[in-house]
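Colleague: Dumping the structure here so I can ask a few things about it.
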Amino acid sequence: MILFELNCGQGHSFEIWFKDGNTADRQLSRKLVECPECGDRKVGKALMAPRIGKKSDSAMTSANMAVMAKNMREQLAEVRRKVEENCDYVGDRFADEARKIHYGETEARGIYGEASEEQHQELTDEGIDIARIPWLPTEDA
């Protein structure tokens with residue numbers, strides 16, 4: 001991961017993490033990055049001083065990473081709880097049920113279940129708005 005300071009055409013400065021320098025260049029050239037303040041897509045790299053420090057001075061220490069991982073697990077558990085509380089589980093019928101809802105053949109409602117990679121791609125190609133959520137096992141399992 002690499003952090004870049006960016007400037008938009010309106011003069012706003014902000015930082016973004018990228019996988020690597022090539023990914024940053026590719027996304028910037030395709031105007032896929034927008035300013036969080038004004039939405040401008042005319043964004044470029046700003047001059048930056050390199051961050052050099054001892055390994056223990058790094059912002060991504062193993063202790064920090066452990067805290068971040070714990071927070072992420074807690075947030076994903078909360079997402080799972082909300083989905084299970086507010087949506088209907090349709091199991092492996094997910095793709096069929098999503099189509100029925102999309103095409104108005106059944107009542108619109110929140111659903112969740114399983115879909116193969118191929119089914120997911122077909123739904124996306126049909127313009128059906130779906131999302132994949134990392135599904136952690138429940139703690140009492």
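Naming scheme: A, B, ... for chains in displayed order of the structure tokens; residues 1 onward per chain; ligands 1 onward as shown.
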List every residue of segment 72-123 of chain A that DSSP, applied to the backbone of this structure, assigns to helix (DSSP H, G or I), and report them as an mmCIF file with C-alpha atoms, in the first residue's frame.

Modeller:
data_model
loop_
_atom_site.group_PDB
_atom_site.id
_atom_site.type_symbol
_atom_site.label_atom_id
_atom_site.label_comp_id
_atom_site.auth_asym_id
_atom_site.auth_seq_id
_atom_site.Cartn_x
_atom_site.Cartn_y
_atom_site.Cartn_z
ATOM 1 C CA MET A 72 -13.482 -4.674 11.204
ATOM 2 C CA ARG A 73 -14.746 -7.998 12.590
ATOM 3 C CA GLU A 74 -17.071 -6.110 14.960
ATOM 4 C CA GLN A 75 -18.418 -3.977 12.127
ATOM 5 C CA LEU A 76 -18.960 -7.002 9.881
ATOM 6 C CA ALA A 77 -20.748 -8.786 12.728
ATOM 7 C CA GLU A 78 -23.033 -5.753 13.081
ATOM 8 C CA VAL A 79 -23.741 -5.768 9.336
ATOM 9 C CA ARG A 80 -24.634 -9.464 9.541
ATOM 10 C CA ARG A 81 -26.926 -8.841 12.514
ATOM 11 C CA LYS A 82 -28.740 -6.015 10.684
ATOM 12 C CA VAL A 83 -29.133 -8.043 7.487
ATOM 13 C CA GLU A 84 -30.468 -11.070 9.349
ATOM 14 C CA GLU A 85 -32.810 -8.848 11.353
ATOM 15 C CA ASN A 86 -34.220 -6.911 8.390
ATOM 16 C CA PHE A 94 -31.008 -15.792 -4.234
ATOM 17 C CA ALA A 95 -30.507 -15.181 -7.980
ATOM 18 C CA ASP A 96 -34.081 -16.206 -8.842
ATOM 19 C CA GLU A 97 -35.579 -14.115 -6.038
ATOM 20 C CA ALA A 98 -33.451 -11.078 -6.942
ATOM 21 C CA ARG A 99 -34.713 -11.300 -10.542
ATOM 22 C CA LYS A 100 -38.350 -11.613 -9.427
ATOM 23 C CA ILE A 101 -37.987 -8.505 -7.271
ATOM 24 C CA HIS A 102 -36.128 -6.587 -9.985
ATOM 25 C CA GLU A 117 -19.725 -16.252 -9.193
ATOM 26 C CA GLU A 118 -21.517 -16.908 -12.482
ATOM 27 C CA GLN A 119 -24.933 -15.982 -11.008
ATOM 28 C CA HIS A 120 -23.472 -12.845 -9.476
ATOM 29 C CA GLN A 121 -22.052 -11.778 -12.845
ATOM 30 C CA GLU A 122 -25.347 -12.511 -14.640
ATOM 31 C CA LEU A 123 -27.310 -10.416 -12.125
#

Colleague: Among chain A, which residues does DSSP mark as strand (DSSP E) when it is run on the backbone? Keep the chain and numbering as in the structure and answer as number ranges by chain.

Modeller: A: 2-8, 13-18, 43-45, 88-91, 111-113

Colleague: Go ahead and save the picked residues with C-alpha atoms, as a compact mmCIF listing (two decimals), in the first residue's frame.

Modeller:
# COMPACT_ATOMS: atom_id res chain seq x y z
CA ILE A 2 1.14 3.53 -0.76
CA LEU A 3 -0.25 6.86 0.39
CA PHE A 4 -0.39 9.78 -2.03
CA GLU A 5 -1.28 13.39 -1.37
CA LEU A 6 -3.51 14.61 -4.18
CA ASN A 7 -4.82 17.97 -5.37
CA CYS A 8 -7.97 18.61 -7.36
CA SER A 13 -5.74 18.66 -1.01
CA PHE A 14 -6.44 15.16 0.31
CA GLU A 15 -4.71 11.81 0.85
CA ILE A 16 -5.61 8.42 -0.62
CA TRP A 17 -4.12 4.94 -0.18
CA PHE A 18 -3.50 2.92 -3.34
CA VAL A 43 -7.01 15.17 -9.71
CA GLY A 44 -3.23 14.88 -9.68
CA LYS A 45 -0.42 13.98 -7.34
CA ASP A 88 -35.44 -12.53 4.22
CA TYR A 89 -33.03 -15.45 3.86
CA VAL A 90 -33.64 -17.15 0.50
CA GLY A 91 -30.65 -19.50 0.47
CA ILE A 111 -33.14 -10.55 0.72
CA TYR A 112 -29.90 -12.40 1.31
CA GLY A 113 -28.58 -15.80 0.37

Colleague: Excluding Gln10 of chain A and any residue of its chain fewer than 3 positions from it, enumerate the residues within 9 Å of it, using only C-alpha atoms, and give them as number ranges by chain.

Modeller: A: 7, 38, 40, 42

Colleague: Could you tell me how far atom CA of Ala69 of chain A sits from atom CA of Ile133 of chain A, in Å to one decimal place?

Modeller: 16.1 Å

Colleague: Please report the interatomic distance between atom CA of Ile128 of chain A and atom CA of Tyr103 of chain A in Å with one decimal.

Modeller: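 Atom-to-atom, atom CA of Ile128 of chain A to atom CA of Tyr103 of chain A, that is 9.2 Å.
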
Colleague: Rank A:Asp92, A:Arg26, A:Cys87, A:Ile130 by their smallest atom-to-atom distance to Ala115 of chain A, using only C-alpha atoms, and report the top residue only.

Modeller: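 Smallest separation from Ala115 of chain A among the options: A:Asp92.
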
Colleague: For atom CA of Met68 of chain A and atom CA of Ala131 of chain A, quote the distance in Å rounded to one decimal.

Modeller: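 Going from atom CA of Met68 of chain A over to atom CA of Ala131 of chain A covers 23.0 Å.
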